[in-house]
$ cat run-v3.txt   # compact mmCIF, C-alpha atoms
# COMPACT_ATOMS: atom_id res chain seq x y z
CA MET A 1 87.40 78.94 100.67
CA ILE A 2 86.83 82.27 98.92
CA TYR A 3 89.92 84.20 97.95
CA PHE A 4 89.56 87.98 98.04
CA ASP A 5 93.22 89.00 98.48
CA ASN A 6 94.13 89.40 94.84
CA ALA A 7 95.73 92.82 95.38
CA ALA A 8 98.40 90.93 97.34
CA THR A 9 98.74 88.13 94.80
CA THR A 10 96.32 86.34 92.52
CA LEU A 11 95.86 82.82 93.84
CA GLN A 12 94.12 81.32 90.86
CA LYS A 13 96.16 81.54 87.67
CA PRO A 14 95.10 80.52 84.17
CA LEU A 15 95.78 76.81 83.61
CA CYS A 16 98.21 77.69 80.80
CA VAL A 17 100.42 79.50 83.35
CA LYS A 18 100.79 76.39 85.49
CA ASP A 19 101.46 74.25 82.42
CA ALA A 20 104.08 76.68 81.12
CA VAL A 21 106.00 76.69 84.41
CA TYR A 22 105.83 72.91 84.67
CA ASN A 23 106.97 72.37 81.07
CA ALA A 24 109.81 74.87 81.48
CA PHE A 25 111.47 72.53 83.96
CA ASP A 26 111.87 69.96 81.20
CA THR A 27 112.91 72.26 78.39
CA MET A 28 114.77 75.33 79.58
CA GLY A 29 118.47 75.82 80.16
CA ASN A 30 120.16 79.04 81.14
CA PRO A 31 119.03 81.89 78.86
CA SER A 32 121.57 84.00 76.99
CA ARG A 33 124.53 81.83 77.87
CA GLY A 34 124.54 79.04 75.34
CA ALA A 35 123.90 78.24 71.68
CA TYR A 36 122.47 74.75 72.22
CA GLU A 37 118.77 74.04 72.07
CA PRO A 38 117.70 74.13 75.78
CA SER A 39 119.55 77.45 76.25
CA LEU A 40 118.19 78.88 73.01
CA GLU A 41 114.71 77.76 74.03
CA ALA A 42 115.00 79.75 77.27
CA SER A 43 116.40 82.79 75.45
CA ARG A 44 113.63 82.72 72.88
CA LEU A 45 111.05 82.51 75.64
CA VAL A 46 112.60 85.49 77.46
CA TYR A 47 112.70 87.50 74.24
CA ASP A 48 109.11 86.58 73.36
CA THR A 49 107.95 87.65 76.83
CA ARG A 50 109.65 91.04 76.41
CA VAL A 51 107.88 91.44 73.06
CA ARG A 52 104.51 90.51 74.56
CA LEU A 53 104.95 92.86 77.52
CA ALA A 54 106.04 95.67 75.19
CA ARG A 55 102.90 95.13 73.13
CA LEU A 56 100.72 95.05 76.26
CA PHE A 57 102.14 98.34 77.57
CA GLY A 58 102.54 100.18 74.25
CA ILE A 59 106.34 100.13 74.38
CA SER A 60 108.06 100.37 70.99
CA ASP A 61 111.42 98.81 71.96
CA PRO A 62 111.17 95.52 73.96
CA SER A 63 114.83 95.73 74.96
CA ARG A 64 113.97 98.67 77.23
CA ILE A 65 112.16 96.20 79.53
CA ALA A 66 114.25 94.38 82.15
CA PHE A 67 112.90 91.53 84.23
CA THR A 68 112.93 92.03 87.99
CA LEU A 69 112.11 89.99 91.08
CA ASN A 70 108.86 91.87 91.67
CA GLY A 71 107.43 95.39 91.74
CA THR A 72 109.45 96.44 94.78
CA ASP A 73 112.68 95.43 93.04
CA ALA A 74 111.69 97.49 89.98
CA LEU A 75 110.79 100.54 92.09
CA ASN A 76 114.09 100.38 93.96
CA MET A 77 115.87 100.33 90.58
CA ALA A 78 113.82 103.32 89.44
CA VAL A 79 114.66 105.36 92.54
CA LYS A 80 118.34 104.45 92.38
CA SER A 81 118.51 105.26 88.66
CA VAL A 82 116.94 108.71 88.71
CA VAL A 83 117.10 110.17 92.23
CA ASP A 84 120.16 111.93 93.62
CA LYS A 85 120.53 113.56 97.02
CA GLY A 86 119.03 117.04 96.91
CA ASP A 87 116.72 116.37 93.95
CA HIS A 88 113.15 117.49 94.40
CA ILE A 89 110.77 114.58 93.94
CA ILE A 90 106.99 114.80 93.84
CA THR A 91 104.98 111.82 95.03
CA THR A 92 101.62 111.15 96.65
CA ASP A 93 100.17 109.81 99.87
CA ASN A 94 98.64 106.96 97.86
CA GLU A 95 102.04 105.31 97.57
CA HIS A 96 103.09 101.92 98.89
CA ASN A 97 106.20 101.58 101.07
CA SER A 98 107.92 99.96 98.08
CA VAL A 99 108.37 103.45 96.70
CA LEU A 100 108.17 105.55 99.87
CA ARG A 101 111.02 103.81 101.69
CA PRO A 102 113.50 103.98 98.77
CA LEU A 103 112.57 107.65 98.36
CA TYR A 104 113.00 108.39 102.09
CA SER A 105 116.48 106.88 102.04
CA SER A 106 117.51 108.60 98.80
CA GLY A 107 118.14 111.98 100.43
CA ALA A 108 115.71 113.65 98.04
CA ASP A 109 113.62 116.68 98.95
CA LEU A 110 110.13 115.15 98.88
CA SER A 111 106.83 116.87 98.19
CA ILE A 112 104.03 114.44 99.05
CA LEU A 113 100.71 115.36 97.50
CA ARG A 114 97.91 114.96 100.01
CA SER A 115 94.62 113.39 99.05
CA ASP A 116 91.14 114.15 100.34
CA ARG A 117 89.11 111.81 102.55
CA TYR A 118 88.16 109.79 99.48
CA GLY A 119 91.82 109.27 98.61
CA ARG A 120 91.68 111.62 95.61
CA ILE A 121 94.79 113.57 94.66
CA ASP A 122 94.56 117.29 93.94
CA TYR A 123 96.72 117.59 90.81
CA ASP A 124 96.44 121.41 90.93
CA SER A 125 98.61 121.35 94.05
CA ILE A 126 101.64 120.11 92.09
CA VAL A 127 104.46 122.65 92.12
CA ILE A 128 107.42 122.00 89.84
CA LYS A 129 110.62 123.55 91.18
CA LYS A 130 113.95 124.24 89.50
CA ASN A 131 115.42 121.06 90.96
CA THR A 132 112.36 118.84 90.45
CA LYS A 133 113.56 115.62 88.86
CA ALA A 134 110.54 113.35 88.75
CA ILE A 135 106.97 112.58 89.71
CA PHE A 136 106.57 109.13 91.29
CA VAL A 137 102.96 107.97 91.28
CA CYS A 138 101.13 104.72 91.87
CA HIS A 139 98.66 104.12 89.06
CA GLY A 140 96.22 102.25 91.29
CA SER A 141 96.02 102.58 95.07
CA ASN A 142 96.37 99.23 96.80
CA VAL A 143 94.10 100.55 99.58
CA THR A 144 91.25 102.38 97.87
CA GLY A 145 91.32 101.11 94.29
CA ASN A 146 91.48 104.74 93.11
CA VAL A 147 93.22 105.16 89.77
CA ALA A 148 95.57 108.06 89.06
CA ASN A 149 94.93 110.29 86.06
CA LEU A 150 98.03 109.41 84.03
CA LYS A 151 97.04 111.66 81.14
CA ARG A 152 96.93 114.68 83.44
CA LEU A 153 100.16 113.73 85.20
CA SER A 154 101.84 113.16 81.86
CA GLU A 155 100.94 116.70 80.76
CA ILE A 156 102.22 118.14 84.04
CA ALA A 157 105.48 116.18 83.77
CA ARG A 158 105.97 117.14 80.13
CA ASP A 159 105.24 120.84 80.74
CA GLY A 160 107.58 120.86 83.73
CA ASN A 161 110.26 118.84 81.91
CA VAL A 162 110.41 116.23 84.68
CA LEU A 163 110.30 112.45 84.55
CA LEU A 164 107.10 110.49 85.11
CA VAL A 165 107.67 107.25 87.04
CA VAL A 166 104.64 104.98 87.38
CA ASP A 167 104.12 102.15 89.87
CA ALA A 168 101.72 99.84 88.03
CA ALA A 169 101.75 97.07 90.66
CA GLN A 170 97.95 97.15 90.97
CA THR A 171 97.05 98.00 87.39
CA ALA A 172 99.33 96.02 85.06
CA GLY A 173 97.08 93.33 83.58
CA CYS A 174 93.94 95.04 84.87
CA ILE A 175 93.85 98.48 83.23
CA ASP A 176 95.12 99.32 79.77
CA ILE A 177 98.44 101.18 80.01
CA ASN A 178 100.09 102.81 77.03
CA VAL A 179 103.58 104.05 77.83
CA GLU A 180 103.98 106.00 74.59
CA ASP A 181 100.58 107.72 74.70
CA THR A 182 101.05 108.82 78.31
CA ASN A 183 104.77 109.63 78.03
CA ILE A 184 105.71 107.36 80.91
CA ASP A 185 109.48 107.48 81.44
CA ILE A 186 109.70 104.54 83.84
CA LEU A 187 107.06 101.86 84.37
CA CYS A 188 107.42 99.38 87.23
CA PHE A 189 105.22 96.31 87.39
CA THR A 190 104.88 92.98 89.12
CA GLY A 191 103.97 89.71 87.44
CA HIS A 192 102.03 87.92 90.17
CA LYS A 193 99.06 90.21 90.77
CA ALA A 194 96.68 91.21 87.96
CA LEU A 195 99.05 89.88 85.29
CA MET A 196 98.33 86.46 86.87
CA GLY A 197 101.90 85.19 86.49
CA PRO A 198 104.06 83.46 89.11
CA GLN A 199 105.55 85.18 92.15
CA GLY A 200 109.18 86.20 91.64
CA THR A 201 108.41 87.92 88.33
CA GLY A 202 108.13 91.58 87.45
CA GLY A 203 109.76 94.19 85.32
CA ILE A 204 110.83 97.73 84.65
CA PHE A 205 110.64 99.80 81.51
CA ILE A 206 113.15 102.64 81.32
CA ARG A 207 112.97 105.10 78.46
CA GLU A 208 116.07 105.42 76.30
CA GLY A 209 118.30 108.26 77.47
CA ILE A 210 117.76 107.67 81.19
CA GLU A 211 120.86 106.40 82.95
CA THR A 212 120.44 102.98 84.56
CA ARG A 213 122.03 102.32 87.93
CA PRO A 214 121.68 98.64 88.79
CA LEU A 215 121.04 97.33 92.29
CA ARG A 216 123.16 94.27 91.44
CA THR A 217 126.06 93.68 89.08
CA GLY A 218 127.63 90.44 87.87
CA GLY A 219 127.23 88.00 85.04
CA SER A 220 125.59 89.50 81.98
CA GLY A 221 126.54 87.19 79.11
CA ILE A 222 128.13 90.15 77.30
CA HIS A 223 131.31 92.26 77.67
CA SER A 224 132.83 89.67 80.00
CA PHE A 225 136.28 91.32 80.14
CA ASP A 226 134.89 94.71 81.20
CA LYS A 227 135.28 95.47 84.89
CA LYS A 228 132.05 97.44 84.86
CA HIS A 229 128.63 95.92 84.36
CA PRO A 230 127.22 96.71 80.89
CA SER A 231 125.04 99.79 80.59
CA GLU A 232 122.95 98.50 77.68
CA MET A 233 119.36 97.55 78.43
CA PRO A 234 118.16 95.03 79.34
CA GLU A 235 121.43 93.49 80.54
CA ALA A 236 122.15 96.63 82.61
CA LEU A 237 119.44 95.62 85.10
CA GLU A 238 119.55 91.84 84.72
CA ALA A 239 122.72 90.62 86.45
CA GLY A 240 122.73 86.86 86.95
CA THR A 241 120.44 84.13 85.70
CA LEU A 242 116.86 85.22 85.14
CA ASN A 243 113.90 83.46 86.73
CA CYS A 244 113.21 81.75 83.44
CA HIS A 245 110.70 79.25 84.81
CA GLY A 246 108.73 82.13 86.30
CA ILE A 247 109.04 84.12 83.09
CA ALA A 248 107.63 81.11 81.20
CA GLY A 249 104.54 81.40 83.39
CA LEU A 250 104.42 85.17 82.89
CA ASN A 251 104.64 84.66 79.14
CA ALA A 252 101.62 82.35 79.22
CA ALA A 253 99.76 84.79 81.48
CA VAL A 254 100.32 87.73 79.14
CA LYS A 255 99.28 85.58 76.21
CA PHE A 256 96.08 84.70 78.10
CA ILE A 257 95.42 88.41 78.73
CA GLU A 258 96.03 89.20 75.04
CA GLU A 259 93.61 86.49 73.96
CA THR A 260 90.94 87.33 76.55
CA GLY A 261 91.26 91.09 76.06
CA ILE A 262 92.33 93.40 78.84
CA GLN A 263 89.11 95.41 78.51
CA ASN A 264 87.02 92.25 78.97
CA ILE A 265 89.06 91.36 82.03
CA TYR A 266 88.69 94.86 83.44
CA GLU A 267 84.94 94.95 82.85
CA LYS A 268 84.38 91.59 84.54
CA LYS A 269 86.35 92.65 87.61
CA LYS A 270 84.59 96.03 87.67
CA ARG A 271 81.20 94.29 87.58
CA LEU A 272 82.18 92.10 90.53
CA SER A 273 83.55 95.06 92.44
CA ASP A 274 80.46 97.21 91.75
CA ARG A 275 78.20 94.34 92.84
CA PHE A 276 80.14 94.06 96.09
CA ILE A 277 80.06 97.83 96.74
CA LYS A 278 76.32 97.95 96.05
CA GLY A 279 75.71 95.01 98.38
CA VAL A 280 77.77 96.26 101.32
CA SER A 281 76.59 99.87 100.95
CA ASN A 282 73.20 98.76 102.24
CA ILE A 283 74.63 97.32 105.44
CA ASP A 284 74.45 99.45 108.57
CA ASN A 285 77.65 100.04 110.50
CA ILE A 286 79.97 99.74 107.51
CA ASN A 287 82.42 102.42 106.37
CA ILE A 288 83.75 102.05 102.83
CA TYR A 289 86.86 104.01 101.88
CA GLY A 290 87.96 105.46 98.56
CA ASP A 291 86.30 107.06 95.57
CA ILE A 292 83.82 104.24 95.05
CA ASN A 293 81.74 106.16 92.49
CA ALA A 294 84.66 106.81 90.14
CA ASP A 295 84.23 105.52 86.59
CA GLU A 296 87.64 103.86 86.54
CA ARG A 297 88.73 101.79 89.54
CA THR A 298 90.71 98.68 90.31
CA PRO A 299 88.69 95.87 91.96
CA VAL A 300 89.78 96.84 95.48
CA VAL A 301 87.26 97.67 98.20
CA THR A 302 88.43 98.55 101.69
CA LEU A 303 86.10 98.89 104.63
CA ASN A 304 85.54 98.64 108.36
CA ILE A 305 82.65 97.56 110.53
CA LYS A 306 81.99 99.98 113.37
CA ASN A 307 82.91 98.68 116.81
CA MET A 308 85.08 95.86 115.43
CA THR A 309 88.80 96.13 114.82
CA SER A 310 90.04 95.40 111.33
CA ASP A 311 92.13 92.45 112.51
CA GLU A 312 89.12 90.89 114.24
CA LEU A 313 86.92 91.37 111.19
CA CYS A 314 89.57 89.87 108.92
CA ASP A 315 90.08 86.93 111.25
CA ARG A 316 86.34 86.26 111.60
CA LEU A 317 85.91 86.39 107.84
CA TRP A 318 88.50 83.65 107.59
CA THR A 319 87.61 81.48 110.57
CA ASP A 320 83.79 81.77 110.38
CA HIS A 321 83.29 82.13 106.62
CA GLY A 322 86.46 80.90 104.91
CA ILE A 323 87.00 84.27 103.23
CA CYS A 324 90.56 85.51 102.65
CA THR A 325 91.02 89.28 103.03
CA ARG A 326 93.81 91.54 104.25
CA ALA A 327 93.65 93.65 107.44
CA GLY A 328 95.95 96.41 108.66
CA VAL A 329 97.49 99.29 106.74
CA HIS A 330 98.58 97.43 103.60
CA CYS A 331 102.12 98.94 103.60
CA ALA A 332 100.52 102.27 102.68
CA PRO A 333 100.82 104.32 105.88
CA LEU A 334 100.20 107.75 104.32
CA MET A 335 97.05 106.57 102.56
CA HIS A 336 95.62 105.31 105.83
CA LYS A 337 96.52 108.60 107.51
CA ALA A 338 94.60 110.45 104.80
CA LEU A 339 91.60 108.15 105.31
CA GLY A 340 91.83 108.49 109.10
CA THR A 341 92.35 104.75 109.53
CA HIS A 342 96.02 104.75 110.51
CA LYS A 343 95.24 103.66 114.08
CA ILE A 344 92.57 101.08 113.32
CA GLY A 345 93.57 99.81 109.89
CA ALA A 346 90.92 98.48 107.51
CA VAL A 347 89.95 95.27 105.76
CA ARG A 348 90.70 95.02 102.07
CA PHE A 349 88.68 92.92 99.65
CA SER A 350 90.29 92.59 96.22
CA PHE A 351 88.81 90.60 93.38
CA SER A 352 90.19 88.73 90.40
CA TYR A 353 89.05 87.61 86.98
CA TYR A 354 88.30 84.19 88.49
CA ASN A 355 85.99 85.35 91.28
CA THR A 356 82.29 84.76 90.75
CA GLU A 357 79.07 86.65 91.54
CA GLU A 358 78.17 83.86 93.96
CA GLU A 359 81.39 84.44 95.87
CA ILE A 360 80.72 88.18 95.95
CA ASP A 361 77.24 87.55 97.37
CA ARG A 362 78.65 85.21 100.00
CA GLY A 363 81.08 87.96 100.98
CA ILE A 364 78.23 90.45 101.34
CA GLU A 365 76.22 87.98 103.44
CA ALA A 366 79.20 87.35 105.70
CA LEU A 367 79.63 91.08 106.31
CA LYS A 368 75.92 91.44 107.03
CA GLU A 369 76.13 88.72 109.64
CA LEU A 370 79.29 90.11 111.24
CA SER A 371 77.89 93.65 111.32
CA GLU A 372 74.99 92.43 113.45
CA LEU A 373 77.15 90.91 116.18
CA MET B 1 136.75 66.15 62.06
CA ARG B 2 134.45 68.87 60.70
CA GLU B 3 135.67 70.19 57.34
CA LYS B 4 136.58 73.86 57.60
CA LYS B 5 134.96 76.39 55.32
CA LEU B 6 134.38 80.13 55.15
CA TYR B 7 131.43 81.58 57.03
CA ARG B 8 129.98 85.01 57.58
CA ILE B 9 129.59 85.71 61.28
CA ILE B 10 127.11 88.38 62.28
CA THR B 11 127.53 89.83 65.77
CA PHE B 12 125.07 91.77 67.89
CA GLY B 13 125.35 94.50 70.51
CA LYS B 14 123.07 92.71 72.91
CA THR B 15 121.38 89.37 73.31
CA THR B 16 117.94 90.83 72.64
CA ASP B 17 119.12 91.84 69.15
CA ALA B 18 120.30 88.30 68.44
CA PHE B 19 116.91 86.82 69.25
CA ALA B 20 115.05 89.57 67.45
CA PHE B 21 117.16 88.65 64.40
CA GLU B 22 116.47 84.94 64.85
CA LYS B 23 112.75 85.61 65.03
CA ARG B 24 112.93 87.67 61.84
CA SER B 25 115.01 84.99 60.15
CA MET B 26 112.15 82.54 60.61
CA VAL B 27 109.63 84.91 59.07
CA GLU B 28 111.87 86.03 56.19
CA LYS B 29 113.46 82.60 55.77
CA ILE B 30 117.01 83.87 56.26
CA PRO B 31 119.31 80.83 56.51
CA GLY B 32 121.84 80.28 59.29
CA ARG B 33 121.78 79.71 63.02
CA ILE B 34 122.86 81.09 66.37
CA ILE B 35 126.32 79.93 67.50
CA PRO B 36 128.56 80.82 70.47
CA LEU B 37 130.50 84.00 69.66
CA PRO B 38 133.86 82.84 68.19
CA VAL B 39 136.73 83.86 70.47
CA ARG B 40 138.56 85.32 67.46
CA ILE B 41 135.89 88.04 67.35
CA SER B 42 135.55 90.72 69.99
CA ALA B 43 131.98 91.92 70.24
CA GLY B 44 129.25 92.58 72.77
CA CYS B 45 126.98 89.59 72.63
CA GLY B 46 127.97 86.08 73.68
CA LEU B 47 126.08 84.76 70.68
CA ALA B 48 126.42 85.30 66.95
CA TRP B 49 124.68 84.30 63.71
CA ARG B 50 126.49 82.06 61.27
CA MET B 51 125.75 81.63 57.58
CA THR B 52 127.76 80.47 54.60
CA GLU B 53 129.32 82.94 52.16
CA GLU B 54 126.80 81.90 49.50
CA GLU B 55 123.87 82.39 51.85
CA TYR B 56 125.18 85.78 52.90
CA GLU B 57 125.55 86.95 49.30
CA LYS B 58 121.95 85.98 48.62
CA TYR B 59 120.42 87.53 51.75
CA SER B 60 122.78 90.40 52.61
CA ASP B 61 120.12 93.06 52.02
CA LYS B 62 118.03 91.49 54.80
CA ILE B 63 120.81 91.50 57.38
CA THR B 64 120.07 94.43 59.70
CA GLY B 65 120.29 95.17 63.42
CA PHE B 66 123.79 93.77 63.76
CA GLU B 67 126.93 95.14 65.38
CA GLY B 68 129.53 93.66 63.01
CA ILE B 69 129.99 91.18 60.17
CA PHE B 70 133.12 89.01 59.98
CA THR B 71 134.44 86.32 57.66
CA LEU B 72 135.95 83.33 59.42
CA GLU B 73 137.13 79.91 58.48
CA MET B 74 135.56 77.47 60.87
$ encode --input "run-v3.txt" --output "structure tokens"
Amino acid sequence: MIYFDNAATTLQKPLCVKDAVYNAFDTMGNPSRGAYEPSLEASRLVYDTRVRLARLFGISDPSRIAFTLNGTDALNMAVKSVVDKGDHIITTDNEHNSVLRPLYSSGADLSILRSDRYGRIDYDSIVIKKNTKAIFVCHGSNVTGNVANLKRLSEIARDGNVLLVVDAAQTAGCIDINVEDTNIDILCFTGHKALMGPQGTGGIFIREGIETRPLRTGGSGIHSFDKKHPSEMPEALEAGTLNCHGIAGLNAAVKFIEETGIQNIYEKKKRLSDRFIKGVSNIDNINIYGDINADERTPVVTLNIKNMTSDELCDRLWTDHGICTRAGVHCAPLMHKALGTHKIGAVRFSFSYYNTEEEIDRGIEALKELSEL
Amino acid sequence: MREKKLYRIITFGKTTDAFAFEKRSMVEKIPGRIIPLPVRISAGCGLAWRMTEEEYEKYSDKITGFEGIFTLEM
């Protein structure tokens, strides 16, 4: 089997991640609720993971990071925290439904920036209004692999005095992100994709001064006699027992990324992705989507073979060649409309640090064979 | 039965602060340990740091990031 669906979740994790989760079952009690060793062990691990994530994302105060169930959970918290009915919100057609659907139901006045046929956003088309509250942008498209220009968006947000909310589901652990340098107000990330942690992990950074409105309230370990859930971060967004076993795995994953170097990880994935693009570009009857010549990209390549539906191609890749890919519209309906693939979908190949050149070449060969049917 | 003596109890606004303090205590060799927040104290965090009076006198200049400091016989 060859696994090329890493934009959905990374299948192969570093060995230390598996060990950390396994060991956590023997050592960890409930974090933040007790002063005996198994509870303290869990609390220390949670704190250490916040510190590591803060270092990875250039965040000065680790307590501004709350753990979430995944990226979608974090994005829902972000929308609930900053968007009120009637606010003007700027977003893009690159977005995933994890941000589009919460925004649609928020009652906000939405301006959706349209991209060209390569999926590139025209930042000059951004118009800040009197009631503009925030710009919501995905850092890396889960369809094209295009990467948003955070520096430019940060300048626009700062000049317009609006919040910058970044969905880093596809880039956290893959591309260097510095929250302070790019003035990100809210960063939402998931733990199980490029960060290579377990499913059920993720997080949200919210800059100090932004009101937090939790999706869930309940046990917090602090202020137990208050009828209202605490507003202090991170407890404000962490009602109930954390997924400590998952966070143990995430901790090990971030440590692995620190030790390996995020730039080394990025460059390896970029090499694999470029090799794949070069190989499939020479095949007749293949359409590749996205800005494939951009300097900075995530390792996502989406394509179609002419005269074959995306579902058939995806299924044949699996049944005839043992290659795992993802067909359809990838929960990004506006992106597929921009690419003109909303009726046919497309097949997404997404690579990880653990893929090999041999696997890439086998993927290219499989597409060659299928394109000749 | 444990003999009662006077302790300094350091409380924190949030759990993160308690574990940040514990981590610093290891580096700076500040004595004491995390205990359940005594019910006689009303503060934010469910945990607190306990050290003896003598230890507190010696290390008081290193005690930062806390919400309150109390003296209790325990």
$ closest_atom_pairs --input "run-v3.txt" --of "chain A" --to "chain B" --cutoff "9 Å" --atoms "all atoms listed in the file" --output "JSON lines"
{"residue": "A:Ser32", "atom": "CA", "partner": "B:Thr15", "partner_atom": "CA", "distance": 6.5}
{"residue": "A:Arg33", "atom": "CA", "partner": "B:Gly46", "partner_atom": "CA", "distance": 6.9}
{"residue": "A:Gly34", "atom": "CA", "partner": "B:Pro36", "partner_atom": "CA", "distance": 6.6}
{"residue": "A:Ala35", "atom": "CA", "partner": "B:Ile35", "partner_atom": "CA", "distance": 5.1}
{"residue": "A:Tyr36", "atom": "CA", "partner": "B:Ile35", "partner_atom": "CA", "distance": 8.0}
{"residue": "A:Leu40", "atom": "CA", "partner": "B:Ile34", "partner_atom": "CA", "distance": 8.4}
{"residue": "A:Ser43", "atom": "CA", "partner": "B:Phe19", "partner_atom": "CA", "distance": 7.4}
{"residue": "A:Arg44", "atom": "CA", "partner": "B:Phe19", "partner_atom": "CA", "distance": 6.4}
{"residue": "A:Val46", "atom": "CA", "partner": "B:Thr16", "partner_atom": "CA", "distance": 9.0}
{"residue": "A:Tyr47", "atom": "CA", "partner": "B:Thr16", "partner_atom": "CA", "distance": 6.4}
{"residue": "A:Asp48", "atom": "CA", "partner": "B:Phe19", "partner_atom": "CA", "distance": 8.8}
{"residue": "A:Pro62", "atom": "CA", "partner": "B:Thr16", "partner_atom": "CA", "distance": 8.3}
{"residue": "A:Ser63", "atom": "CA", "partner": "B:Thr16", "partner_atom": "CA", "distance": 6.3}
{"residue": "A:Gly221", "atom": "CA", "partner": "B:Gly46", "partner_atom": "CA", "distance": 5.7}
{"residue": "A:Ile222", "atom": "CA", "partner": "B:Cys45", "partner_atom": "CA", "distance": 4.8}
{"residue": "A:His223", "atom": "CA", "partner": "B:Gly44", "partner_atom": "CA", "distance": 5.3}
{"residue": "A:Ser224", "atom": "CA", "partner": "B:Gly44", "partner_atom": "CA", "distance": 8.6}
{"residue": "A:Glu232", "atom": "CA", "partner": "B:Lys14", "partner_atom": "CA", "distance": 7.5}
{"residue": "A:Met233", "atom": "CA", "partner": "B:Lys14", "partner_atom": "CA", "distance": 8.2}
{"residue": "A:Pro234", "atom": "CA", "partner": "B:Thr16", "partner_atom": "CA", "distance": 7.9}
{"residue": "A:Glu235", "atom": "CA", "partner": "B:Lys14", "partner_atom": "CA", "distance": 7.8}
$ closest_residue --input "run-v3.txt" --among "B:Arg50, B:Glu57, B:Val39, B:Leu6" --to "Phe21 in chain B" --atoms "all atoms listed in the file"
B:Arg50
$ closest_residue --input "run-v3.txt" --among "B:Arg2, B:Glu73, B:Arg24, B:Thr11" --to "Glu53 in chain B" --atoms "only C-alpha atoms"
B:Glu73
$ residues_around --input "run-v3.txt" --residues "Val82 in chain A" --least-positions-apart "2" --cutoff "12 Å" --atoms "all atoms listed in the file" --output "MDAnalysis selection string"
chainID A and resid 75:80 84:89 102:103 106 108 132:136 162:165 185:186 206:207 209:214
$ residues_around --input "run-v3.txt" --residues "Ile257 in chain A" --least-positions-apart "2" --cutoff "10 Å" --atoms "all atoms listed in the file" --output "CSV table (one decimal) with C-alpha atoms, in the frame of the given file"
chain,number,residue,atom,x,y,z
A,14,PRO,CA,95.1,80.5,84.2
A,56,LEU,CA,100.7,95.0,76.3
A,173,GLY,CA,97.1,93.3,83.6
A,174,CYS,CA,93.9,95.0,84.9
A,194,ALA,CA,96.7,91.2,88.0
A,195,LEU,CA,99.0,89.9,85.3
A,196,MET,CA,98.3,86.5,86.9
A,251,ASN,CA,104.6,84.7,79.1
A,252,ALA,CA,101.6,82.4,79.2
A,253,ALA,CA,99.8,84.8,81.5
A,254,VAL,CA,100.3,87.7,79.1
A,255,LYS,CA,99.3,85.6,76.2
A,259,GLU,CA,93.6,86.5,74.0
A,260,THR,CA,90.9,87.3,76.6
A,261,GLY,CA,91.3,91.1,76.1
A,262,ILE,CA,92.3,93.4,78.8
A,263,GLN,CA,89.1,95.4,78.5
A,264,ASN,CA,87.0,92.2,79.0
A,265,ILE,CA,89.1,91.4,82.0
$ atom_distance --input "run-v3.txt" --atom1 "CA of Glu180 in chain A" --atom2 "CA of Ser60 in chain A"
7.8 Å
$ atom_distance --input "run-v3.txt" --atom1 "CA of Thr325 in chain A" --atom2 "CA of Thr201 in chain A"
22.8 Å
$ axis_aligned_box --input "run-v3.txt" --around "range 27-46 of chain B" --padding-each-side "4 Å" --output "JSON"
{"center_x": 124.1, "center_y": 86.1, "center_z": 64.7, "size_x": 36.9, "size_y": 20.9, "size_z": 25.9}
$ closest_residue --input "run-v3.txt" --among "A:Asn146, A:Ser115, A:Gln170, A:Ser81" --to "Gly340 in chain A" --atoms "only C-alpha atoms"
A:Ser115
$ residues_around --input "run-v3.txt" --residues "range 239-246 of chain A" --least-positions-apart "4" --cutoff "6 Å" --atoms "only C-alpha atoms" --output "list in words"
Val21, Ala24, Pro198, Thr217, Gly218, Gly219 and Ser220 of chain A
$ atom_distance --input "run-v3.txt" --atom1 "CA of Asn285 in chain A" --atom2 "CA of Asn307 in chain A"
8.3 Å
$ residues_around --input "run-v3.txt" --residues "Lys62 in chain B" --least-positions-apart "6" --cutoff "10 Å" --atoms "only C-alpha atoms" --output "MDAnalysis selection string"
chainID B and resid 24:25 28 30 56
$ closest_residue --input "run-v3.txt" --among "B:Leu72, B:Met1, B:Ile63, B:Val27" --to "Arg40 in chain B" --atoms "only C-alpha atoms"
B:Leu72
$ closest_residue --input "run-v3.txt" --among "A:Arg348, A:Lys306, A:Arg152, A:Arg216" --to "Ser371 in chain A" --atoms "only C-alpha atoms"
A:Lys306
$ closest_residue --input "run-v3.txt" --among "B:Ile41, B:Ile10, B:Trp49, B:Gly32" --to "Ile69 in chain B" --atoms "only C-alpha atoms"
B:Ile10
